[in-house]
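**Student:** Starting off with a structure, shown below.
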There are 4 protein chains.
Amino acid sequence: MAVMRMGYMHVKVTDLAEAKNHYANTVGLYPTLEEDGKVYFKGWDEWDHHSIVIEEGGVGYVRCGFKAEKPEDVADIEAKAQAKGYSVARFSAGSRPEVGDGITVTLPSGHEVDIYSHMTAYGTEVGTHNPDAFPRHMVGIGAPRLDHALLWVPNVAESREFFTDCVGMWATEEVRTTLDDDAHTIATWLTIGESNHDIALLEAPESKIHHFAFEMRGWADVGHAADIMAMDDVPIDIGPTRHGITRGQTIYFFDPSGNRNETFSGGYRCFRDRPMVVWTPDQLGKAIFYHARELNERFLTVAT
Amino acid sequence: MAVMRMGYMHVKVTDLAEAKNHYANTVGLYPTLEEDGKVYFKGWDEWDHHSIVIEEGGVGYVRCGFKAEKPEDVADIEAKAQAKGYSVARFSAGSRPEVGDGITVTLPSGHEVDIYSHMTAYGTEVGTHNPDAFPRHMVGIGAPRLDHALLWVPNVAESREFFTDCVGMWATEEVRTTLDDDAHTIATWLTIGESNHDIALLEAPESKIHHFAFEMRGWADVGHAADIMAMDDVPIDIGPTRHGITRGQTIYFFDPSGNRNETFSGGYRCFRDRPMVVWTPDQLGKAIFYHARELNERFLTVAT
Amino acid sequence: MAVMRMGYMHVKVTDLAEAKNHYANTVGLYPTLEEDGKVYFKGWDEWDHHSIVIEEGGVGYVRCGFKAEKPEDVADIEAKAQAKGYSVARFSAGSRPEVGDGITVTLPSGHEVDIYSHMTAYGTEVGTHNPDAFPRHMVGIGAPRLDHALLWVPNVAESREFFTDCVGMWATEEVRTTLDDDAHTIATWLTIGESNHDIALLEAPESKIHHFAFEMRGWADVGHAADIMAMDDVPIDIGPTRHGITRGQTIYFFDPSGNRNETFSGGYRCFRDRPMVVWTPDQLGKAIFYHARELNERFLTVAT
Amino acid sequence: MAVMRMGYMHVKVTDLAEAKNHYANTVGLYPTLEEDGKVYFKGWDEWDHHSIVIEEGGVGYVRCGFKAEKPEDVADIEAKAQAKGYSVARFSAGSRPEVGDGITVTLPSGHEVDIYSHMTAYGTEVGTHNPDAFPRHMVGIGAPRLDHALLWVPNVAESREFFTDCVGMWATEEVRTTLDDDAHTIATWLTIGESNHDIALLEAPESKIHHFAFEMRGWADVGHAADIMAMDDVPIDIGPTRHGITRGQTIYFFDPSGNRNETFSGGYRCFRDRPMVVWTPDQLGKAIFYHARELNERFLTVAT
């Protein structure tokens with residue numbers, strides 16, 4: 001396996017203190033480092049140093065990183081990406097705090113994607129010896145980990161090729177114009193392992209980030225998260241509801257700078273031989289929001 | 001205690017077969033009688049003959065009925081209602097199928113409300129001897145019982161007086177223009193026992209029914225109900241979500257004729273000495289839809 | 001209605017500090033008073049001054065109190081109890097901290113039961129003006145309120161008579177030797193309102209308290225409570241599981257002195273016309289523990 | 001990745017009709033083939049022809065099969081197993097109904113394990129085009145898929161080596177005599193992907209199967225499953241509860257022949273760089289049953 005998971009998401013925020021409060025006290029992440037106008041966070045069930053980076057000065061996507069198992073995997077992806085003609089640059093250990101050597105690939109959409117195989121170990125509160133099931137004093141919605149992101153890209157097929165051919169992912173679900181083999185792909189959900197998606201790509205007029213998601217463990221936790229958001233005055237885009245695509249149970253909400261976050265629970269266990277699900281535009285409402293069965297304007301037009 | 005609960009809700013539907021399918025197969029009620037263009041239903045956890053009556057020929061409220069414990073309670077309410085100047089008429093056993101003698105009070109809003117103390121016993125599938133916790137083969141969303149209704153009335157105080165002074169209910173929560181004692185009441189949630197509301201009244205330009213609700217037992221069941229509604233193509237107004245008022249977890253949805261139904265779970269245990277909750281218009285969004293914190297147009301404008 | 005609910009439970013504990021830690025930090029109650037070797041607590045959804053009293057010096061039942069709506073209700077119960085020949089004594093406001101005038105009835109079993117109509121108002125953290133659905137920072141299992149208790153009595157019928165004939169309760173479920181009308185009642189679940197039980201009585205060789213229960217709102221909260229108990233090293237007797245009787249979802253556990261506590265969720269909405277459920281000894285396992293369908297030794301032999 | 005998942009579990013049952021009723025009507029599997037004294041089943045979320053085989057004539061483990069992605073993966077495992085000295089035999093397509101060519105490895109414990117890369121596609125009720133989130137009419141507990149098994153083996157390290165060195169699995173959690181590097185491994189949880197375990201091995205005096213597990217999606221479904229088991233008179237070993245190991249929420253129960261089944265929900269998302277959790281014997285109760293924190297006799301002594 002070339003990479004293991006999305007290891008970090010780095011976004012800009014307009015006000016660092018306000019954003020820090022959101023990710024620490026509402027989302028419930030642990031701040032692990034604050035320097036140079038950036039704050040680094042990890043979830044309670046993540047052992048690497050960080051999975052979220054927020055940086056003051058605007059809004060929206062800076063980059064995301066995928067963690068490979070070994071340096072050889074990074075080199076392999078580098079070679080494949082160069083062979084495919086993608087723009088690839090190396091970065092050195094320490095150029096991103098607590099991250100080892102790696103490469104940055106610039107997708108045709110313009111999104112920068114890091115691939116790396118080392119991050120400083122930080123550990124978890126419950127530890128690895130006779131651990132409790134979760135920390136005794138959970139904060140806010142208690143997000144255990146970063147789960148995935150959805151990028152807006154002008155051309156899905158072009159960016160998908162990097163993730164499939166160089167990184168080793170495959171599509172678990174797609175929205176296509178028709179069921180025909182030569183149908184145009186409007187959106188794709190790509191996985192590297194057994195979850196529904198480590199990254200998803202949606203055709204859009206601009207290259208932006210639509211949302212990044214934190215894992216939740218079940219519908220009860222999704223409901224509790226919505227209650228906490230109400231108490232903390234966090235704007236909810238939609239939810240709690242279910243996606244038709246991935247079957248995940250979800251809330252879309254916004255950080256104080258307007259970056260869309262998601263709490264995502266569930267989906268199903270994916271395998272390479274599982275037949276891909278195809279959604280067609282006539283059922284797009286149900287595909288995105290299974291209960292309401294209609295898209296809202298914000299979902300279609302707001303990204304950062 | 002003068003009455004025990006809302007015993008039945010009787011509404012008109014435009015197409016009886018379509019509506020019967022909705023209440024039987026999606027809501028999961030048991031049809032117990034079909035005659036004269038009407039279908040009668042009960043929930044799996046109700047032992048009286050019926051709690052829902054649908055009647056072909058239009059849409060909207062026909063009447064609801066409250067069940068009193070004893071004939072004396074009906075007589076007592078009759079006397080109090082007459083003393084207050086409400087319009088009261090008697091009906092005889094059998095004039096409503098399987099219902100005993102009773103009275104019909106016409107509220108100032110024009111809504112007819114029956115009070116009765118006898119309905120033919122029907123029993124439940126699980127029975128009363130070493131019963132299982134629920135029927136082994138649940139249908140649709142498996143609503144156990146009718147819970148409450150919300151009526152649109154032109155003047156809340158006028159109709160409330162019947163329920164408080166004649167029937168013995170009291171308000172658990174209200175929306176008022178201000179916190180002052182002489183504030184105008186925009187809406188009231190009235191209970192006769194320990195649930196948040198057996199009936200609620202909302203000030204509106206017309207006398208209609210906004211919705212009637214089926215009890216659900218928990219957030220998991222509410223989520224499951226939303227999934228079933230998606231599969232059965234039932235239009236969802238909003239939800240799953242939580243109400244600020246009553247704390248209930250909820251879905252508003254429509255029957256095929258456009259009557260709004262609700263699945264309502266939770267709330268808290270009410271008592272006569274519990275301090276009444278007051279909501280003010282600045283927080284009305286949160287009061288109605290705790291997560292979205294804003295009202296939707298449909299909620300404010302659609303009733304039948 | 002003569003009384004509204006069980007208002008307080010007063011038990012002895014062997015070590016006050018240890019017990020205070022249990023009820024405050026694990027059960028999540030708010031300590032409201034500490035004096036004379038006693039600690040008083042209320043749940044987050046209770047507005048009266050206290051619902052639990054622990055007193056150092058032993059273990060087990062001291063007394064419980066039922067709150068009536070008005071002083072006249074107390075007087076009415078006093079008269080009925082005296083007429084029935086029960087031992088009745090008056091107590092004055094202040095003799096129990098923050099409690100008004102009342103009476104103490106000694107049941108044939110020897111259990112003392114207080115009836116009172118006033119307790120100092122304390123209020124809740126969420127308040128009554130545009131309140132949040134629950135406190136933002138919940139402690140431990142976050143029990144909202146005292147729910148009910150189960151007493152061991154030598155003769156169920158004798159003690160039941162006080163609750164039915166003097167207090168106005170009725171039985172929602174019973175365990176009887178047979179289905180015959182003249183069957184012997186082994187246990188009874190008595191309610192004054194719409195919950196399954198405000199008090200239950202079980203035939204036993206000694207007069208003790210088997211358990212007292214805190215309300216939980218749903219299976220997810222019951223599961224979470226079990227996790228917190230594991231982290232806090234609280235001995236669990238049984239659960240999470242469901243009762244056949246009442247359908248409630250439950251955990252039995254012990255405070256540090258060995259008094260059995262329960263977290264109880266669910267049940268169904270009760271009404272005076274609901275047919276009583278009867279359980280017979282051949283299905284007693286299923287009646288008590290619906291999943292395991294067998295009683296454990298501890299349940300049958302341990303009370304305090 | 002060498003294999004993708006445990007593809008099937010084949011066990012003996014004493015009475016085929018009784019067992020078929022259990023797996024079809026209580027567990028909710030779809031029978032897909034019945035021939036030669038065997039019944040084949042699949043879960044609603046499985047697309048291959050079968051995942052469970054029951055065979056009349058005794059009780060206990062016959063074999064399990066792991067599905068590899070490609071024939072080359074099977075060949076690779078064959079070569080590695082032979083090099084390690086394991087007993088390996090080939091089987092031809094059709095020798096197991098609907099299964100392609102494969103190999104059978106006999107573990108040092110004596111357990112036979114199949115590796116194959118093809119099974120006839122069967123499809124699912126919801127399909128792959130705009131699918132619903134689950135079948136509209138779920139049967140029994142509605143198990144979506146086979147999840148994992150726990151084998152009793154005389155020597156954990158010996159059998160583990162096949163799964164790690166030949167199949168490519170790694171341990172996510174272990175029970176070891178101490179925290180020292182040279183500690184003896186009492187039990188191991190082995191994964192090939194992102195779930196906690198595809199197979200687990202427990203040191204025991206005999207070579208048997210302790211249980212095989214069906215996936216559940218959340219605590220609410222686990223609770224519902226327990227209710228259905230009560231109604232269907234299925235013996236529950238323990239649960240609903242949580243495991244300390246894997247954090248999974250669980251019920252152990254028995255099929256009519258005494259084979260132990262499990263409904264398993266949750267766990268956490270595993271990755272190769274996640275630090276392994278080690279449990280030590282002093283906390284074995286909490287490791288196995290997180291809530292009760294003590295092992296029951298049956299868990300330790302019953303296997304088939």
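Scheme for the structure tokens: letters A, B, ... for chains in order shown; per-chain residue numbers from 1; ligand numbers from 1 in order shown.
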Taking the chain letters and numbering used in this document, name the residues of stretch 129-215 of chain B that DSSP puts in helix (DSSP H, G or I), as a list in words.

**Tutor:**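 Restricting stretch 129-215 of chain B to helix (DSSP H, G or I) produces Val156, Ala157, Glu158, Ser159, Arg160, Glu161, Phe162, Phe163, Thr164, Asp165 and Cys166 of chain B.
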
**Student:** Counting only C-alpha atoms, what are the residues of chain A within 12 Å of chain B, and for each of them which pair of atoms is the nearest and at what distance in Å, to one decimal? Sort the table by chain and rising number, as CSV.

**Tutor:**
residue,atom,partner,partner_atom,distance
A:Gly218,CA,B:Ala220,CA,9.7
A:Trp219,CA,B:Ala220,CA,7.0
A:Ala220,CA,B:Trp219,CA,7.0
A:Asp221,CA,B:Trp219,CA,10.4
A:Val222,CA,B:Trp219,CA,10.3
A:Gly223,CA,B:Trp219,CA,7.8
A:His224,CA,B:Trp219,CA,10.0
A:Ala225,CA,B:His291,CA,9.7
A:Ala226,CA,B:His291,CA,5.9
A:Asp227,CA,B:His291,CA,6.5
A:Ile228,CA,B:His291,CA,9.0
A:Met229,CA,B:His291,CA,7.4
A:Ala230,CA,B:His291,CA,5.4
A:Met231,CA,B:His291,CA,9.0
A:Asp232,CA,B:His291,CA,10.8
A:Asp233,CA,B:Arg293,CA,9.0
A:Val234,CA,B:His291,CA,9.3
A:Pro235,CA,B:Ala292,CA,7.5
A:Ile236,CA,B:Ala292,CA,5.9
A:Asp237,CA,B:Ala292,CA,7.7
A:Ile238,CA,B:Ala292,CA,7.4
A:Gly239,CA,B:Pro240,CA,7.6
A:Pro240,CA,B:Pro240,CA,6.3
A:Thr241,CA,B:Pro240,CA,6.6
A:Arg242,CA,B:Asp227,CA,8.1
A:His243,CA,B:Asp227,CA,10.3
A:Gly244,CA,B:Ala230,CA,9.7
A:Arg247,CA,B:Asp227,CA,10.2
A:Gly248,CA,B:Asp227,CA,11.9
A:Gln249,CA,B:Gly223,CA,9.4
A:Thr250,CA,B:Pro240,CA,11.2
A:Ile251,CA,B:His291,CA,10.0
A:Tyr252,CA,B:Ala292,CA,10.8
A:Phe253,CA,B:Ala292,CA,10.0
A:Gln283,CA,B:Ala230,CA,11.7
A:Gly285,CA,B:Ala230,CA,10.9
A:Lys286,CA,B:Ala230,CA,7.9
A:Ala287,CA,B:Ala230,CA,10.9
A:Phe289,CA,B:Ala230,CA,9.8
A:Tyr290,CA,B:Ala230,CA,6.4
A:His291,CA,B:Ala230,CA,5.4
A:Ala292,CA,B:Ile236,CA,5.9
A:Arg293,CA,B:Ala230,CA,7.5
A:Glu294,CA,B:Ile236,CA,10.2

**Student:** Which polymer residues have any atom within 8 Å of an atom of B:Gly168, counting only C-alpha atoms, with same-chain residues fewer than 4 positions away left out, as a PyMOL selection string?

**Tutor:** chain B and resi 1-3+163-164+192

**Student:** Hey, which of A:Ala121, A:Val156, A:Val105, A:Ile77 ends up closest to A:Asp48? Count only C-alpha atoms.

**Tutor:** A:Ala121

**Student:** Please run DSSP on the backbone and report, as number ranges by chain, all residues within stretch 42-231 of chain A that come out as strand (DSSP E or B).

**Tutor:** A: 42, 48, 52-56, 60-68, 87-91, 93, 96, 99, 102-106, 112-116, 119, 121, 129, 146-153, 170-176, 185-191, 199-203, 208-216

**Student:** Near B:Pro154, counting only C-alpha atoms, which residues have an atom at most 7 Å away, once you skip same-chain residues fewer than 6 positions from it, shown as a list in words?

**Tutor:**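 So the residues in contact are Ser109, Glu203, Ala204, Pro205, Glu206 and Ser207 of chain B.
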
**Student:** What's the 12 Å shell around B:Ala149, counting only C-alpha atoms, without same-chain residues fewer than 2 positions away, as number ranges by chain?

**Tutor:** B: 5-11, 52, 61, 63-66, 113, 146-147, 151-152, 188-191, 196-202, 208-215, 259-264, 303

**Student:** At what distance in Å, to one decimal, does atom CA of A:Ala157 lie from atom CA of A:Asp182?

**Tutor:**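 Answer for the atom CA of A:Asp182 to atom CA of A:Ala157 separation: 12.0 Å.
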
**Student:** Determine, counting only C-alpha atoms, which protein, DNA and RNA residues have an atom within 9 Å of an atom of B:Ser195; residues of the same chain fewer than 3 positions away are not included. Present the result as a PDB file with all heavy atoms, in the first residue's frame.

**Tutor:**
ATOM      1  N   THR B 191     -49.740  20.339  28.902  1.00  0.00           N
ATOM      2  CA  THR B 191     -49.697  18.923  29.266  1.00  0.00           C
ATOM      3  C   THR B 191     -50.757  18.619  30.316  1.00  0.00           C
ATOM      4  O   THR B 191     -51.151  19.490  31.091  1.00  0.00           O
ATOM      5  CB  THR B 191     -48.320  18.536  29.832  1.00  0.00           C
ATOM      6  OG1 THR B 191     -48.286  17.104  30.004  1.00  0.00           O
ATOM      7  CG2 THR B 191     -48.068  19.174  31.192  1.00  0.00           C
ATOM      8  N   ILE B 192     -51.180  17.376  30.338  1.00  0.00           N
ATOM      9  CA  ILE B 192     -52.092  16.930  31.372  1.00  0.00           C
ATOM     10  C   ILE B 192     -51.376  15.973  32.321  1.00  0.00           C
ATOM     11  O   ILE B 192     -51.890  15.628  33.383  1.00  0.00           O
ATOM     12  CB  ILE B 192     -53.339  16.250  30.754  1.00  0.00           C
ATOM     13  CG1 ILE B 192     -54.416  16.022  31.809  1.00  0.00           C
ATOM     14  CG2 ILE B 192     -52.987  14.946  30.051  1.00  0.00           C
ATOM     15  CD1 ILE B 192     -54.861  17.280  32.493  1.00  0.00           C
ATOM     16  N   ASP B 198     -49.537  17.504  25.464  1.00  0.00           N
ATOM     17  CA  ASP B 198     -50.592  16.704  24.869  1.00  0.00           C
ATOM     18  C   ASP B 198     -51.216  17.494  23.728  1.00  0.00           C
ATOM     19  O   ASP B 198     -51.753  16.921  22.789  1.00  0.00           O
ATOM     20  CB  ASP B 198     -51.628  16.334  25.937  1.00  0.00           C
ATOM     21  CG  ASP B 198     -51.025  15.376  26.942  1.00  0.00           C
ATOM     22  OD1 ASP B 198     -50.919  14.189  26.621  1.00  0.00           O
ATOM     23  OD2 ASP B 198     -50.594  15.822  28.020  1.00  0.00           O
ATOM     24  N   GLY B 266     -38.549  11.924  23.201  1.00  0.00           N
ATOM     25  CA  GLY B 266     -37.862  12.550  24.299  1.00  0.00           C
ATOM     26  C   GLY B 266     -38.647  13.610  24.991  1.00  0.00           C
ATOM     27  O   GLY B 266     -39.767  13.402  25.410  1.00  0.00           O
ATOM     28  N   GLY B 267     -38.061  14.773  25.083  1.00  0.00           N
ATOM     29  CA  GLY B 267     -38.582  15.717  26.039  1.00  0.00           C
ATOM     30  C   GLY B 267     -38.123  15.286  27.422  1.00  0.00           C
ATOM     31  O   GLY B 267     -37.246  14.423  27.555  1.00  0.00           O
ATOM     32  N   TYR B 268     -38.732  15.876  28.430  1.00  0.00           N
ATOM     33  CA  TYR B 268     -38.334  15.568  29.806  1.00  0.00           C
ATOM     34  C   TYR B 268     -39.603  15.297  30.607  1.00  0.00           C
ATOM     35  O   TYR B 268     -40.708  15.555  30.141  1.00  0.00           O
ATOM     36  CB  TYR B 268     -37.544  16.739  30.418  1.00  0.00           C
ATOM     37  CG  TYR B 268     -38.191  18.082  30.195  1.00  0.00           C
ATOM     38  CD1 TYR B 268     -39.202  18.537  31.027  1.00  0.00           C
ATOM     39  CD2 TYR B 268     -37.813  18.883  29.115  1.00  0.00           C
ATOM     40  CE1 TYR B 268     -39.807  19.753  30.810  1.00  0.00           C
ATOM     41  CE2 TYR B 268     -38.422  20.109  28.883  1.00  0.00           C
ATOM     42  CZ  TYR B 268     -39.426  20.540  29.732  1.00  0.00           C
ATOM     43  OH  TYR B 268     -40.044  21.738  29.515  1.00  0.00           O
ATOM     44  N   ARG B 269     -39.428  14.742  31.790  1.00  0.00           N
ATOM     45  CA  ARG B 269     -40.580  14.400  32.612  1.00  0.00           C
ATOM     46  C   ARG B 269     -41.107  15.670  33.272  1.00  0.00           C
ATOM     47  O   ARG B 269     -40.352  16.384  33.933  1.00  0.00           O
ATOM     48  CB  ARG B 269     -40.145  13.361  33.654  1.00  0.00           C
ATOM     49  CG  ARG B 269     -41.280  12.446  34.069  1.00  0.00           C
ATOM     50  CD  ARG B 269     -40.789  11.321  34.975  1.00  0.00           C
ATOM     51  NE  ARG B 269     -41.889  10.844  35.793  1.00  0.00           N
ATOM     52  CZ  ARG B 269     -41.745  10.126  36.899  1.00  0.00           C
ATOM     53  NH1 ARG B 269     -40.544   9.766  37.301  1.00  0.00           N
ATOM     54  NH2 ARG B 269     -42.800   9.738  37.578  1.00  0.00           N
ATOM     55  N   CYS B 270     -42.368  15.945  33.068  1.00  0.00           N
ATOM     56  CA  CYS B 270     -42.966  17.188  33.576  1.00  0.00           C
ATOM     57  C   CYS B 270     -43.731  16.936  34.864  1.00  0.00           C
ATOM     58  O   CYS B 270     -44.241  15.850  35.099  1.00  0.00           O
ATOM     59  CB  CYS B 270     -43.908  17.769  32.527  1.00  0.00           C
ATOM     60  SG  CYS B 270     -43.004  18.332  31.074  1.00  0.00           S
ATOM     61  N   PHE B 271     -43.777  17.966  35.680  1.00  0.00           N
ATOM     62  CA  PHE B 271     -44.536  17.943  36.925  1.00  0.00           C
ATOM     63  C   PHE B 271     -45.135  19.325  37.123  1.00  0.00           C
ATOM     64  O   PHE B 271     -44.602  20.309  36.610  1.00  0.00           O
ATOM     65  CB  PHE B 271     -43.620  17.615  38.113  1.00  0.00           C
ATOM     66  CG  PHE B 271     -42.927  16.296  37.985  1.00  0.00           C
ATOM     67  CD1 PHE B 271     -41.613  16.236  37.539  1.00  0.00           C
ATOM     68  CD2 PHE B 271     -43.590  15.115  38.282  1.00  0.00           C
ATOM     69  CE1 PHE B 271     -40.972  15.018  37.402  1.00  0.00           C
ATOM     70  CE2 PHE B 271     -42.949  13.895  38.144  1.00  0.00           C
ATOM     71  CZ  PHE B 271     -41.639  13.846  37.705  1.00  0.00           C
TER      72      PHE B 271
ATOM     73  N   GLU C 194     -47.135   9.105  34.686  1.00  0.00           N
ATOM     74  CA  GLU C 194     -47.027   8.464  33.383  1.00  0.00           C
ATOM     75  C   GLU C 194     -45.774   7.627  33.220  1.00  0.00           C
ATOM     76  O   GLU C 194     -45.546   7.061  32.159  1.00  0.00           O
ATOM     77  CB  GLU C 194     -47.101   9.526  32.284  1.00  0.00           C
ATOM     78  CG  GLU C 194     -48.455  10.224  32.275  1.00  0.00           C
ATOM     79  CD  GLU C 194     -48.596  11.235  31.150  1.00  0.00           C
ATOM     80  OE1 GLU C 194     -47.627  11.436  30.390  1.00  0.00           O
ATOM     81  OE2 GLU C 194     -49.692  11.817  31.037  1.00  0.00           O
ATOM     82  N   ARG C 269     -45.103   5.155  28.220  1.00  0.00           N
ATOM     83  CA  ARG C 269     -45.956   6.140  28.855  1.00  0.00           C
ATOM     84  C   ARG C 269     -47.166   5.424  29.453  1.00  0.00           C
ATOM     85  O   ARG C 269     -47.861   4.683  28.759  1.00  0.00           O
ATOM     86  CB  ARG C 269     -46.382   7.177  27.815  1.00  0.00           C
ATOM     87  CG  ARG C 269     -46.663   8.539  28.428  1.00  0.00           C
ATOM     88  CD  ARG C 269     -46.931   9.588  27.350  1.00  0.00           C
ATOM     89  NE  ARG C 269     -47.742  10.656  27.893  1.00  0.00           N
ATOM     90  CZ  ARG C 269     -48.407  11.540  27.167  1.00  0.00           C
ATOM     91  NH1 ARG C 269     -48.341  11.488  25.848  1.00  0.00           N
ATOM     92  NH2 ARG C 269     -49.129  12.477  27.738  1.00  0.00           N
TER      93      ARG C 269
END
